[in-house]
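In what follows, a single structure is set out as C-alpha cells and then discussed.
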Amino acid sequence: SELYTGLYANMGNYKSFGDTKFIPNLPKDKLKALVFASQSFKEQPGEMEALCDSCSSALFSLEDKQKQLGLGSKGITTYFSGNCVLEDAELAQKFLDSQVSCWLPFRAFCSSHIPKGVQFIETTYLEQSAWSFIRIIRGYIRPTLNLQLKEHENQKKMLEGYRRSFTFGSIAHKEGSRFWIKDKGPTVESYIGFIESYRDPFGSRGEFEGFVAVVNKAMSERFAKLVSSAEVLLPELPWPRDFEKDTFLKPDFTSLDVLTFTGSGVPAGINIPNYDDIRQSEGFKNVSLGNVLAVAYVTQKEKLTFLEEDDKDAYIKWMLPSFEMQGGLHELLGHGSGKLFVQDDQGKFNFDQNTLINPVTGEKVTSWYRGNETWDSRFSTIASSYEECRAECVGLYLCLNKLALSIFGHEGQDAEDVVYINWLYMVRAGLLGLEFYTSESSSWRQVGDGHHLLYRHEDQVVTLAQKHTADIFLYSGGGNSNIVTPLNAFMEKKLARNVHFTFIMFGTSLLLERWDQAPFPVGSSQVGLDDDHDAVVFPGEAVELVEYEGSAAGLIHSFTERFQEDAEQLEADLLELSKRDSPCWCH
C-alpha cells in the first residue's frame, strides 16, 4: 500500500519534493505475483498482464538517467522528449518568446519523437534553426478534460476560458484567469490549469494542478488586515520606491481549508495566476492553505534534528504561528512586490531609464525585459528557486516589523519568540535541504531546497557544525542588516533582467564545497503522505461531505470512489495517451 500511496501522492514514481525516483521495496517477481492475485487480474487477465509487462522494467530501473528528473543526460522528464538537451530547450523557448505570451501548457518533442495521430496541428518555420521546423500540436490531452460551467458570471467566463484552452490548446486559460482574479471573496475557491513550473527542468512549463477549498473566515481576517497594511509595509523594504508598481493592486488574500488538491504535491501557500503581465497590471490572488499548515507542521520533539534541546520546546510551540506570519509576508509582499522593468514592442518603457538607480551598485539600471520576455522565460532553470528565495528574504526582513507582528497578534516576548523561531526555521530548513544536494553535479534537485538561505556573502561562510543554533543568525538588531544586501541584489537582478550576474550570484550562493567531508543526519524520507482527500457529493439537492481516513487505505479509497461514473473511459484515454507518448521519453 505504501507504493500506491506514493504513486497517488506524487502523481508518479518520482518524489514531488526532491525529484528522485522511488521503487517498490519487494522483488519484481513478488510484485508481479501480487498483481496476478488481484481482483482486477481475475476480471481482465490479458489487459492486466500487458500493463504489468509494459511498465515493470521501467518501474524497477535504477539506470543513472532514470534516478531523477532532469533534462538530457541529467535525468528523465515528460516535458521534453528523451533526445532533447539544454540547447533544444533554449531554442524552443526562443521560438515561444517570439510567438506566444504564455508557455506554461507546452511540451517539447525533438524531431522524430513527435507523437502521431494528433489533431489541431499548426506548422511554423523558424529560420536558422537546428530543427528543420517547429510544429505546434494543439488539444493533445483534450479527451481527459471536462468542466461544468457555474452560474456566477465571472466563474462562468473563467471556466469558459479554461474549456477553450484545454480543448484547442490555446492560451485562453490566461483570459480565464483574468476573470478568476475578479471573483472576489467566494466562500468556495477553486483554480485549475498548468500552474507551477517547479518540475520542468528548464523552469518554464507548468504542471497541471487544481484545487477546491473552503474559506477559513477567521484566519482570513488577519490576511485582510495584512493586505490593507501593504502600502504601509512595502516602503519599509530596502529598495527604491521606483522598484514598486505605481499602484499596489490589492489582492484577494484568504486562508483556505483544502478540500482537494490535485497535483504532485500540496503547497502551504500560493500566489497566482502565474502570468507576469496580469500580476503586474491587473492583479493576483494570495491563498494560504491553513489545514495543510496544521498537518505539515505538527512536529515530534524526538524528530527535531540540528536543534539544541533548549530550542526544541519553543520550536514546537511557535512553529505554526511563525510560519503563518512568514507565509503571509512571503506570499503578499514577497511574490507581490516589485515591478518588472519592460520595454514593449513599440519601444515604450514602463520606467525612467535615465534616472532609475541600482541600489547595489549605485549606478543606472542598464538591462530590462523586451517584448514577450518574462521572468520565467529569461531565468529558466533558476527562476522558481530564485523567486522563492527572494520571497523568503522579504518575509524574514519584515517579520521584525512591529506592525506586521501585531497584525498576527504577536507582541512583547511572544513577538520575540515568533521572530526567533522564524529565523531558526529557515536555517534548519536549509540544513534539511542538504539531503537534496547532488555533489557530482553541484546542483539541487528541488526548487524548495536551494532557497533556504545557506547564503555565502563576500567569502564569509558560517561553519554550521560549530555554531549554537541561537548564534547562526543574529536576528535581533543586526538581523536585517545581514539580509539587506542579498535582498537588494535579488530584487534588482529580477526586475532588471540581469540574467548573467544572476546566474553567477545565485550559483555561487548555492555551491557547497567539500560536501563529502560534512555528513549530516537527515533521517529517512517518505515517498508519500497519508493525507486524506475528502470529497463533496451531491445526492439530489443535498450537499454531503465524504471523509476518508488519513491512511494509505483512505487515500486509495478516495481515488477509487472519485471516478466511479467515468472510470473506464478515463482509464482508456490515459492509456492511449501513455501509449502515444511512450516512444518519446527514453533515448
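Every chain in the C-alpha cells takes a letter, A first, then B, and so on in the order presented; its residues are numbered from 1, and the ligands are numbered from 1 following the presented order.
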Selection: 9 Å around segment 389-391 of chain A, only C-alpha atoms, excl. self and same-chain fewer than 2 positions, as an mmCIF file with C-alpha atoms, in the first residue's frame:
```
data_model
loop_
_atom_site.group_PDB
_atom_site.id
_atom_site.type_symbol
_atom_site.label_atom_id
_atom_site.label_comp_id
_atom_site.auth_asym_id
_atom_site.auth_seq_id
_atom_site.Cartn_x
_atom_site.Cartn_y
_atom_site.Cartn_z
ATOM 1 C CA LEU A 329 4.532 38.086 4.215
ATOM 2 C CA HIS A 330 6.111 35.694 1.715
ATOM 3 C CA GLU A 331 3.023 35.457 -0.499
ATOM 4 C CA LEU A 332 1.673 39.023 -0.310
ATOM 5 C CA LEU A 333 4.757 41.213 -0.044
ATOM 6 C CA GLY A 334 7.351 38.741 -1.325
ATOM 7 C CA HIS A 335 5.771 37.484 -4.536
ATOM 8 C CA GLY A 336 3.521 40.543 -4.671
ATOM 9 C CA SER A 337 6.294 43.152 -4.534
ATOM 10 C CA SER A 384 11.424 29.338 -9.405
ATOM 11 C CA SER A 385 14.131 28.746 -6.828
ATOM 12 C CA TYR A 386 15.378 32.322 -7.083
ATOM 13 C CA GLU A 387 11.892 33.811 -6.719
ATOM 14 C CA CYS A 393 14.023 37.106 2.310
ATOM 15 C CA VAL A 394 11.142 39.596 2.272
ATOM 16 C CA GLY A 395 9.373 37.578 4.974
ATOM 17 C CA LEU A 396 12.492 37.395 7.140
ATOM 18 C CA GLY A 448 12.456 24.339 -2.468
ATOM 19 C CA GLY A 450 18.335 25.663 -2.550
ATOM 20 C CA HIS A 451 16.381 28.720 -1.499
ATOM 21 C CA HIS A 452 16.593 28.375 2.260
ATOM 22 C CA LEU A 453 19.375 30.868 2.846
ATOM 23 C CA PRO A 486 21.268 39.858 -0.660
ATOM 24 C CA LEU A 487 17.653 41.098 -0.635
ATOM 25 C CA PHE A 490 17.765 39.512 -5.507
ATOM 26 C CA MET A 491 15.320 42.315 -6.258
#
```
Neighbour list for segment 68-74 of chain A as an MDAnalysis selection string, cut-off 6 Å, only C-alpha atoms, skip fewer than 5 positions in-chain: chainID A and resid 19:21 84:85 201
Atoms kept (N, CA, C and O atoms) for selection, written as a short mmCIF file (atom, residue, chain, number, x, y, z; two decimals), in the first residue's frame:
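Result file out.cif:
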```
data_model
loop_
_atom_site.label_atom_id
_atom_site.label_comp_id
_atom_site.auth_asym_id
_atom_site.auth_seq_id
_atom_site.Cartn_x
_atom_site.Cartn_y
_atom_site.Cartn_z
N ASP A 19 12.48 15.22 -6.47
CA ASP A 19 12.56 14.78 -7.86
C ASP A 19 13.38 13.51 -8.07
O ASP A 19 13.93 13.29 -9.15
N THR A 20 13.49 12.68 -7.04
CA THR A 20 14.21 11.42 -7.18
C THR A 20 13.21 10.26 -7.27
O THR A 20 12.12 10.32 -6.74
N LYS A 21 13.66 9.21 -7.91
CA LYS A 21 12.80 8.06 -8.16
C LYS A 21 12.70 7.18 -6.91
O LYS A 21 13.65 7.03 -6.15
N CYS A 84 16.05 15.43 -26.19
CA CYS A 84 16.22 16.88 -26.04
C CYS A 84 17.33 17.19 -25.05
O CYS A 84 17.46 16.53 -24.02
N VAL A 85 18.12 18.21 -25.36
CA VAL A 85 19.16 18.69 -24.46
C VAL A 85 18.90 20.16 -24.18
O VAL A 85 17.95 20.76 -24.69
N PRO A 201 12.54 20.78 -15.80
CA PRO A 201 13.96 21.04 -15.58
C PRO A 201 14.46 22.34 -16.20
O PRO A 201 15.49 22.86 -15.81
#
```
Which residue of A:Glu47, A:Asp313, A:Glu416, A:Asp344 approaches Ala572 of chain A most closely, using only C-alpha atoms: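 Among the listed residues, A:Glu47 lies closest to Ala572 of chain A.
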Residues within 7 Å of segment 350-361 of chain A, only C-alpha atoms, excluding chain neighbours under 3 positions, as a list in words: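 So, after excluding close chain neighbours, the residues are Trp239, Phe341, Val342, Gln343, Lys364, Val365, Asn488, Ala489 and Glu492 of chain A.
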Write out as a compact mmCIF listing (two decimals) with C-alpha atoms, in the first residue's frame the residues lying within 6 Å of segment 243-254 of chain A, counting only C-alpha atoms and excluding same-chain residues fewer than 4 positions away.
```
# COMPACT_ATOMS: atom_id res chain seq x y z
CA SER A 220 -8.73 35.34 6.50
CA PHE A 223 -4.73 38.35 5.97
CA GLY A 283 -3.82 41.81 -10.01
CA PHE A 284 -3.49 38.40 -8.41
CA LYS A 285 -4.78 36.28 -5.54
CA ASN A 286 -2.96 35.00 -2.49
CA VAL A 287 -4.12 31.93 -0.65
CA GLY A 338 8.30 44.65 -7.37
CA LYS A 339 7.73 45.79 -10.94
```
Which of segment 205-362 of chain A DSSP labels strand (DSSP E or B), written as a count of residues only: 32
Close residues, Val215 of chain A itself excluded, 9 Å, only C-alpha atoms, min 2 positions apart in chain, as number ranges by chain: A: 185-189, 213, 217-220, 254-258
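With distances restricted to only C-alpha atoms, A:Leu398 is the closest residue to Trp423 of chain A from A:Ala268, A:Leu398, A:Val484, A:Ala535.
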In segment 315-404 of chain A, DSSP alpha helix (DSSP H) residues written as a ChimeraX atom specification: /A:315-329,375-398,402-404
List the spatial neighbours of segment 376-382 of chain A as an mmCIF file with C-alpha atoms, in the first residue's frame - criterion: any atom at most 6 Å away, only C-alpha atoms, same-chain residues fewer than 6 positions off excluded.
```
data_model
loop_
_atom_site.group_PDB
_atom_site.id
_atom_site.type_symbol
_atom_site.label_atom_id
_atom_site.label_comp_id
_atom_site.auth_asym_id
_atom_site.auth_seq_id
_atom_site.Cartn_x
_atom_site.Cartn_y
_atom_site.Cartn_z
ATOM 1 C CA PHE A 202 14.068 24.164 -17.752
ATOM 2 C CA GLY A 203 11.730 26.033 -15.400
ATOM 3 C CA SER A 204 9.125 27.298 -17.892
#
```
